[in-house]
Amino acid sequence: MDIKPFTAEPIRVLAYDGTPVENVDRLGIGKDDWLKMYRWLVFARAVDDRGYILVRQGRAGFYAQIAGQEASQVGSALPLHKEDWMYPDHRSQGSMLVKGLSAAEWFGHVLGKMLDPTQGRLMPHGPGRNDLHIVPPSSTVGNKITEAVGTAMAQRIKKRKEVTITYLGDGATSEGDFHVGMNFAAVYQAPVIIFVQNNQYAISMRTEQQTHTKTIAEKAKAYGMDGYLVDGNDILAVYLVTKHCADKARAGGGPSLIEAYTYRYGPHSSADDDTRYRPKGELEMWRTQRDPVTRMRKFLETKGLWSEDQEQKLQADVKAQVAKAMEEAEKSPAPEPITVLDYAYEQLTPHLEWERRELAAELGV
Ligand SMILES: Cc1ncc(C[n+]2csc(CCOP(=O)(O)OP(=O)(O)O)c2C)c(N)n1
């Protein structure tokens with residue numbers, strides 16, 4: 001399949017009903033990959049549904065769901081290598097799971113337990129893992145773009161074969177950091193993928209209220225970089241486009257911008273009421289006609305690779321896996337309050353030492 005930048009329509013392999021619009025037998029990915037992708041989609045959705053319930057149960061304070069965006073998240077993380085660097089944003093848990101973060105660690109993070117690789121120290125939606133090269137996101141929208149580009153610039157200087165991917169939403173493309181990052185990435189031909197999940201809203205603000213270009217992908221042209229518009233609900237297309245960009249970056253071909261056009265089903269976060277700004281019927285249309293999980297399942301069915309029995313077995317397996325992960329997270333202890341200042345720096349600064357003494361006196365430890 002010839003993957004071209006700056007297409008007017010999103011790059012797509014499957015039609016909305018799961019029928020292939022490309023010759024899928026000549027894409028370099030086969031039956032086992034398709035089945036693996038579908039399993040990941042189902043798993044990512046199940047983990048995320050369970051995470052959100054923790055807020056509804058009053059056991060966690062905040063959650064930003066990925067529902068609707070699973071193909072963008074899973075499809076863009078599957079082509080990455082273990083050594084590649086990932087800079088997620090506040091809505092990237094599906095990609096982090098694929099990179100290697102366990103569901104138990106994710107739940108541990110949401111619950112603020114010791115099992116969380118960041119031991120409950122960071123904002124909700126901010127775990128990371130050093131060994132997996134997942135850098136914890138911060139809550140400032142857009143700021144990891146320049147950090148990711150800096151990492152990729154270093155990779156180039158050091159002649160490494162790793163690439164870096166950074167995730168952001170459509171809203172983050174209005175931040176100065178996006179433009180600074182794009183410029184540096186192109187000038188230094190950094191091996192970075194700037195992956196925008198255009199879910200059409202930045203909280204209540206629609207994409208067209210904050211940018212006057214027809215697509216986000218076309219912004220790449222101004223920086224001298226390739227920009228790809230892909231159907232973000234088509235996992236095969238997202239996988240192929242991201243792999244194309246990763247291979248290109250690894251071969252010294254420089255950075256790429258990817259716009260995955262998708263839709264979020266949930267509110268912006270558990271603190272938002274999306275019924276106040278969505279046009280009537282829009283959510284229902286995406287859910288019933290463009291769902292990324294159903295679309296892949298239908299594709300497998302058209303290929304004769306999936307049955308109702310297999311579906312039920314998968315759902316049961318995933319449910320058991322999620323329950324086990326939750327159990328593990330629940331068993332993990334909460335961090336000791338006195339450790340709250342640890343790891344902000346390698347060693348406590350004099351000011352933090354003073355704060356720690358004050359805290360110890362307060363806690364009586
Ligand atoms: C610099 C900054 N401005 C505003 C906010 C508040 N805020 C948090 S998420 C968000 C919207 C982000 O939208 P988008 O980038 O499209 O990502 P999405 O949440 O849709 O995935 C805003 C405005 C923030 N965290 N940081």
# chains A, B, ... in the order shown; residues from 1 in each chain; ligands from 1
>>> residues_near_ligand(ligand="ligand 1", cutoff="8 Å", atoms="only C-alpha atoms and all ligand atoms", output="ChimeraX atom specification")
/A:64,89-91,139-143,168-173,175,197-203,207,264,268-269
>>> closest_atom_pairs(of="range 233-304 of chain A", to="range 209-216 of chain A", cutoff="10 Å", atoms="only C-alpha atoms", output="CSV")
residue,atom,partner,partner_atom,distance
A:Leu257,CA,A:Ile216,CA,8.8
A:Ile258,CA,A:Ile216,CA,8.5
A:Glu259,CA,A:Ile216,CA,6.2
A:Ala260,CA,A:Ile216,CA,9.3
A:Tyr261,CA,A:Thr215,CA,9.3
>>> closest_residue(among="A:Pro124, A:Gly51, A:Gly253, A:Pro137", to="Ala103 in chain A", atoms="only C-alpha atoms")
A:Gly51
>>> residues_around(residues="Arg45 in chain A", least_positions_apart="6", cutoff="8 Å", atoms="only C-alpha atoms", output="list of chain:residue names")
A:Ile66, A:Ala67, A:Glu70
>>> closest_residue(among="A:Arg160, A:Ala46, A:Val21, A:Ala8", to="Lys319 in chain A", atoms="only C-alpha atoms")
A:Ala46
>>> residues_around(residues="Trp85 in chain A", least_positions_apart="2", cutoff="8 Å", atoms="only C-alpha atoms", output="PDB file with C-alpha atoms, in the first residue's frame")
ATOM      1  CA  GLU A  83      13.769   0.790  23.221  1.00  0.00           C
ATOM      2  CA  TYR A  87       5.837  10.596  25.644  1.00  0.00           C
ATOM      3  CA  LEU A 132       9.955   0.713  29.091  1.00  0.00           C
ATOM      4  CA  HIS A 133      11.009   4.216  28.057  1.00  0.00           C
ATOM      5  CA  ILE A 134       7.578   5.618  28.900  1.00  0.00           C
ATOM      6  CA  VAL A 135       8.053   9.148  30.203  1.00  0.00           C
ATOM      7  CA  GLU A 162      15.468   4.271  18.480  1.00  0.00           C
ATOM      8  CA  VAL A 163      12.613   6.585  17.588  1.00  0.00           C
ATOM      9  CA  THR A 164      10.408   8.724  19.808  1.00  0.00           C
ATOM     10  CA  ILE A 165       6.656   9.108  19.663  1.00  0.00           C
TER      11      ILE A 165
END
>>> residues_around(residues="range 309-311 of chain A", least_positions_apart="6", cutoff="12 Å", atoms="only C-alpha atoms", output="list in words")
Leu35, Tyr38, Arg39, Val42, Val293, Thr294, Arg297, Lys298, Leu300, Glu301, Asp317 and Val318 of chain A
